[in-house]
Amino acid sequence: MKRLGLLLLLALVLPAVASADPPQPGIVHAPRPPGASLKDWGAELFAGNCSSCHGPNGEGLKDRGPSLEGVGALAADFYLETGYMPLHEPTDQPHRGTQLLSGAEVKAIVAYVASLRGPAIPKPDPERGNVADGLQLFTQHCAGCHQIVAQGGYVKGAVVPELGQATTTQIAEAVRIGPYLMPRFSKKQISDRQLDSIVAYVEYTQHPDNAGGWSIGDIGPVPEGLVAWLIAGVVLIGLCVVIGERLRRE
Amino acid sequence: MSWTRRIVAAVAAYRWWKSRRRQERITPPSPPDRPAETLLIALLFAAAACAAGFVAVYALGSVPRRTQFLGLSLGLAFALLSAAMILVGKRLVAQEQLEEDYPKPREHEQEEQDVVQLVEEGGDRFTRKRLLVISAGAAGTALGAALIAPAASLGPFLDVDPFFATPWSRGRRLVDEAGKPMSATDIERDTFYTAYPEGADREQFGAPLVVVRLQPSALHLPSGRAGWAPAGILAYSKICTHAGCAIALYRKPTFPDLEPKPALVCPCHYSTFDPASGGSVLFGPAGRPLPQLPLYVDPAGHLRAAGNFSGPVGPSWWGVRNRKPTTGTTT
């Protein structure tokens with residue numbers, strides 16, 4: 001009995017010990033040295049905030065983080081502007097969040113990562129796209145995971161983000177990178193013009209035209225049916241009961 | 001005499017006749033309910049105003065939130081109209097409530113006995129009662145079978161050959177959505193493609209493929225599948241082996257050290273298949289691996305099938321594992 005108690009105590013204490021590994025370094029805000037180029041400032045910020053996982057020169061570290069050679073400003077802009085990076089724990093799925101680095105600091109790191117070669121930040125133009133084509137392309141390439149109204153979902157091992165806050169640039173970047181478990185789509189698969197249409201469609205899903213006035217989460221006919229049957233149906237039956245009730249006469 | 005005069009005369013005659021045969025009241029007289037009547041009139045006018053509002057909003061066209069106002073005005077008009085009708089039924093139409101005792105039990109004892117006797121006497125003329133029972137039973141059983149038989153259409157039962165046929169055979173080229181032959185050099189890693197058989201019906205179960213490219217060193221295909229994946233290019237049936245949905249999800253790690261390995265995922269019930277190990281099931285309700293199609297690259301660099309699938313395509317049923325796919329027309 002005593003031994004069991006000891007085991008229980010160990011079971012309680014051990015995870016606490018295991019989770020108390022080295023404290024997470026906070027965000028390092030290095031002031032821009034006078035006369036330094038944006039890239040050099042970015043290198044300094046990179047050393048403070050990114051190199052613990054991506055390596056001192058962005059070459060990647062085994063079991064910590066991938067190499068950044070060839071990812072370009074495109075990927076750096078996406079991961080930093082969305083707040084995906086810096087990642088608290090390298091095993092976590094990156095999530096959209098508040099970027100603790102300032103806008104200028106982000107631009108500096110992007111300039112540094114861009115110097116490691118790779119594609120530039122894309123400039124999608126939803127005005128050139130077509131929402132109807134975008135719906136078709138989104139159905140074909142994206143809706144399997146992100147759902148047809150871009151509300152997100154799940155795949156085994158990851159949460160698929162909803163796209164409500166994604167900017168046009170971020171949508172275009174994500175299509176080209178394939179962040180985390182998402183596949184990437186080259187220009188051969190989705191041309192820049194088609195991408196404009198996809199961006200136009202995602203923008204539409206962010207502000208859909210709700211003719212009925214109440215979107216009920218924009219996730220399709222199932223919640224609408226639930227409202228009709230469970231709320232409207234109950235109200236109607238209640239009304240019928242009230243109408244059919246006899247007035248009590250004295 | 002003109003028609004109008006005739007109608008006026010007929011109405012006058014009806015009124016005179018009706019006044020002659022005025023009878024005594026059936027329902028007890030009740031006093032008029034002036035407030036209820038006033039409310040009724042108000043409700044009806046309000047309903048009219050709402051309906052007119054609908055017409056106005058419809059005609060104006062440039063009202064903001066027009067759809068909502070249209071729905072609101074018409075809905076309110078109907079709601080007020082029904083309120084008016086409920087008011088009429090409950091407060092204004094003369095009503096009476098009467099009570100009547102239930103009939104005493106066993107009041108018609110003699111009649112009941114007569115009915116029993118009639119039924120018994122009705123069977124007097126039957127002589128071969130056993131044979132009659134048997135024939136009636138046969139009729140009932142056969143009718144029941146006739147009603148149940150169409151249930152066989154719910155699944156493959158007798159003729160399952162078409163379920164094993166696919167349009168693929170050695171030499172058939174893979175084409176993309178637009179019908180363009182797919183080149184091995186066009187297939188990139190970290191993404192996925194949908195392919196179809198050239199010159200065959202795409203609606204067939206065995207037609208669509210999902211094509212991915214992995215590092216050849218990462219592959220560990222089952223024995224006997226050497227050479228099925230030229231340069232690491234793999235083709236699998238796009239139809240999930242669980243319930244037949246399309247495999248529309250490809251999960252690929254950005255950083256393979258820490259993230260889950262590549263997988264083909266069905267969006268319906270999250271059956272997850274491993275493309276590196278011949279489509280084996282990693283997760284989910286699918287009971288058997290995703291069928292793999294052997295590939296080769298022709299001298300022109302195009303992808304071609306090197307044979308048929310490794311197993312039957314499409315959702316599973318009892319006995320699906322017993323046979324190999326054949327080349328031919330499918331359902």
# chains A, B, ... in the order shown; residues from 1 in each chain; ligands from 1
call {"tool": "residues_around", "arguments": {"residues": "Gly60 (chain A)", "least_positions_apart": "4", "cutoff": "12 Å", "atoms": "only C-alpha atoms", "output": "PDB file with C-alpha atoms, in the first residue's frame"}}
result
ATOM      1  CA  CYS A  50      15.046  32.443 -34.579  1.00  0.00           C
ATOM      2  CA  SER A  51      18.497  30.843 -34.554  1.00  0.00           C
ATOM      3  CA  SER A  52      17.789  28.550 -31.583  1.00  0.00           C
ATOM      4  CA  CYS A  53      15.696  26.407 -33.961  1.00  0.00           C
ATOM      5  CA  HIS A  54      16.649  27.490 -37.508  1.00  0.00           C
ATOM      6  CA  GLY A  55      20.401  27.525 -36.832  1.00  0.00           C
ATOM      7  CA  PRO A  56      22.791  30.483 -36.610  1.00  0.00           C
ATOM      8  CA  ARG A  64      14.433  21.775 -33.909  1.00  0.00           C
ATOM      9  CA  GLY A  65      13.543  23.603 -37.107  1.00  0.00           C
ATOM     10  CA  PRO A  66      13.824  23.446 -40.911  1.00  0.00           C
ATOM     11  CA  SER A  67      16.428  25.158 -43.068  1.00  0.00           C
ATOM     12  CA  LEU A  68      15.420  28.563 -44.405  1.00  0.00           C
ATOM     13  CA  GLU A  69      17.723  28.518 -47.407  1.00  0.00           C
ATOM     14  CA  GLY A  70      15.642  29.180 -50.511  1.00  0.00           C
ATOM     15  CA  VAL A  71      12.336  29.848 -48.680  1.00  0.00           C
TER      16      VAL A  71
ATOM     17  CA  PHE B 255       9.577  19.857 -41.303  1.00  0.00           C
ATOM     18  CA  ASP B 257      11.769  15.806 -38.219  1.00  0.00           C
TER      19      ASP B 257
END
call {"tool": "residues_around", "arguments": {"residues": "Gly328 (chain B)", "least_positions_apart": "2", "cutoff": "10 Å", "atoms": "only C-alpha atoms", "output": "short mmCIF file (atom, residue, chain, number, x, y, z; two decimals) with N, CA and C atoms, in the first residue's frame"}}
result
data_model
loop_
_atom_site.label_atom_id
_atom_site.label_comp_id
_atom_site.auth_asym_id
_atom_site.auth_seq_id
_atom_site.Cartn_x
_atom_site.Cartn_y
_atom_site.Cartn_z
N ASP B 161 -19.10 -8.75 -60.61
CA ASP B 161 -17.99 -8.61 -61.56
C ASP B 161 -17.68 -7.15 -61.89
N PRO B 162 -18.70 -6.31 -62.18
CA PRO B 162 -18.38 -4.92 -62.55
C PRO B 162 -17.61 -4.17 -61.47
N PHE B 164 -15.13 -5.20 -59.83
CA PHE B 164 -13.70 -5.51 -59.87
C PHE B 164 -13.05 -4.97 -61.14
N ALA B 165 -13.85 -4.46 -62.08
CA ALA B 165 -13.28 -4.00 -63.35
C ALA B 165 -12.82 -2.55 -63.23
N THR B 166 -11.66 -2.23 -63.78
CA THR B 166 -11.17 -0.85 -63.83
C THR B 166 -10.72 -0.57 -65.26
N PRO B 167 -10.64 0.72 -65.66
CA PRO B 167 -10.22 1.01 -67.03
C PRO B 167 -8.71 0.92 -67.22
N TRP B 168 -7.95 0.56 -66.18
CA TRP B 168 -6.50 0.60 -66.28
C TRP B 168 -5.92 -0.71 -66.80
N SER B 169 -4.93 -0.59 -67.68
CA SER B 169 -4.15 -1.75 -68.11
C SER B 169 -2.79 -1.21 -68.55
N GLY B 206 -13.14 3.00 -60.90
CA GLY B 206 -11.72 2.68 -60.98
C GLY B 206 -10.90 3.72 -61.72
N PRO B 325 -8.53 -7.08 -59.21
CA PRO B 325 -9.22 -6.24 -60.19
C PRO B 325 -8.97 -6.74 -61.62
N THR B 326 -9.93 -6.49 -62.49
CA THR B 326 -9.81 -6.86 -63.90
C THR B 326 -9.91 -5.60 -64.75
N THR B 330 -16.61 -0.74 -65.92
CA THR B 330 -17.15 -0.82 -64.56
C THR B 330 -18.51 -0.19 -64.52
N THR B 331 -19.12 -0.29 -63.37
CA THR B 331 -20.43 0.36 -63.21
C THR B 331 -20.23 1.81 -62.90
#
call {"tool": "interface_residues", "arguments": {"of": "chain A", "to": "chain B", "cutoff": "8 Å", "atoms": "only C-alpha atoms", "output": "list of chain:residue names"}}
result
A:Lys62, A:Asp63, A:Arg64, A:Gly65, A:Pro66, A:Pro90, A:Thr91, A:Gly144, A:Cys145, A:Val155, A:Lys156, A:Gly157, A:Gly178, A:Pro179, A:Tyr180, A:Leu181, A:Met182, A:Pro183, A:Arg184, A:Phe185, A:Ala211, A:Gly212, A:Gly213, A:Ile243, A:Arg246, A:Leu247
call {"tool": "select_by_dssp", "arguments": {"residues": "region 19-230 of chain A", "states": "helix (DSSP H, G or I)", "output": "ChimeraX atom specification"}}
result
/A:19,38-49,51-54,72-81,103-114,126-128,131-141,143-146,168-177,192-206,216-218,221-230
call {"tool": "atom_distance", "arguments": {"atom1": "CA of Val131 (chain A)", "atom2": "CA of Ala200 (chain A)"}}
result
5.5 Å
call {"tool": "select_by_dssp", "arguments": {"residues": "region 27-234 of chain A", "states": "strand (DSSP E)", "output": "PyMOL selection string"}}
result
chain A and resi 153-155+158-160
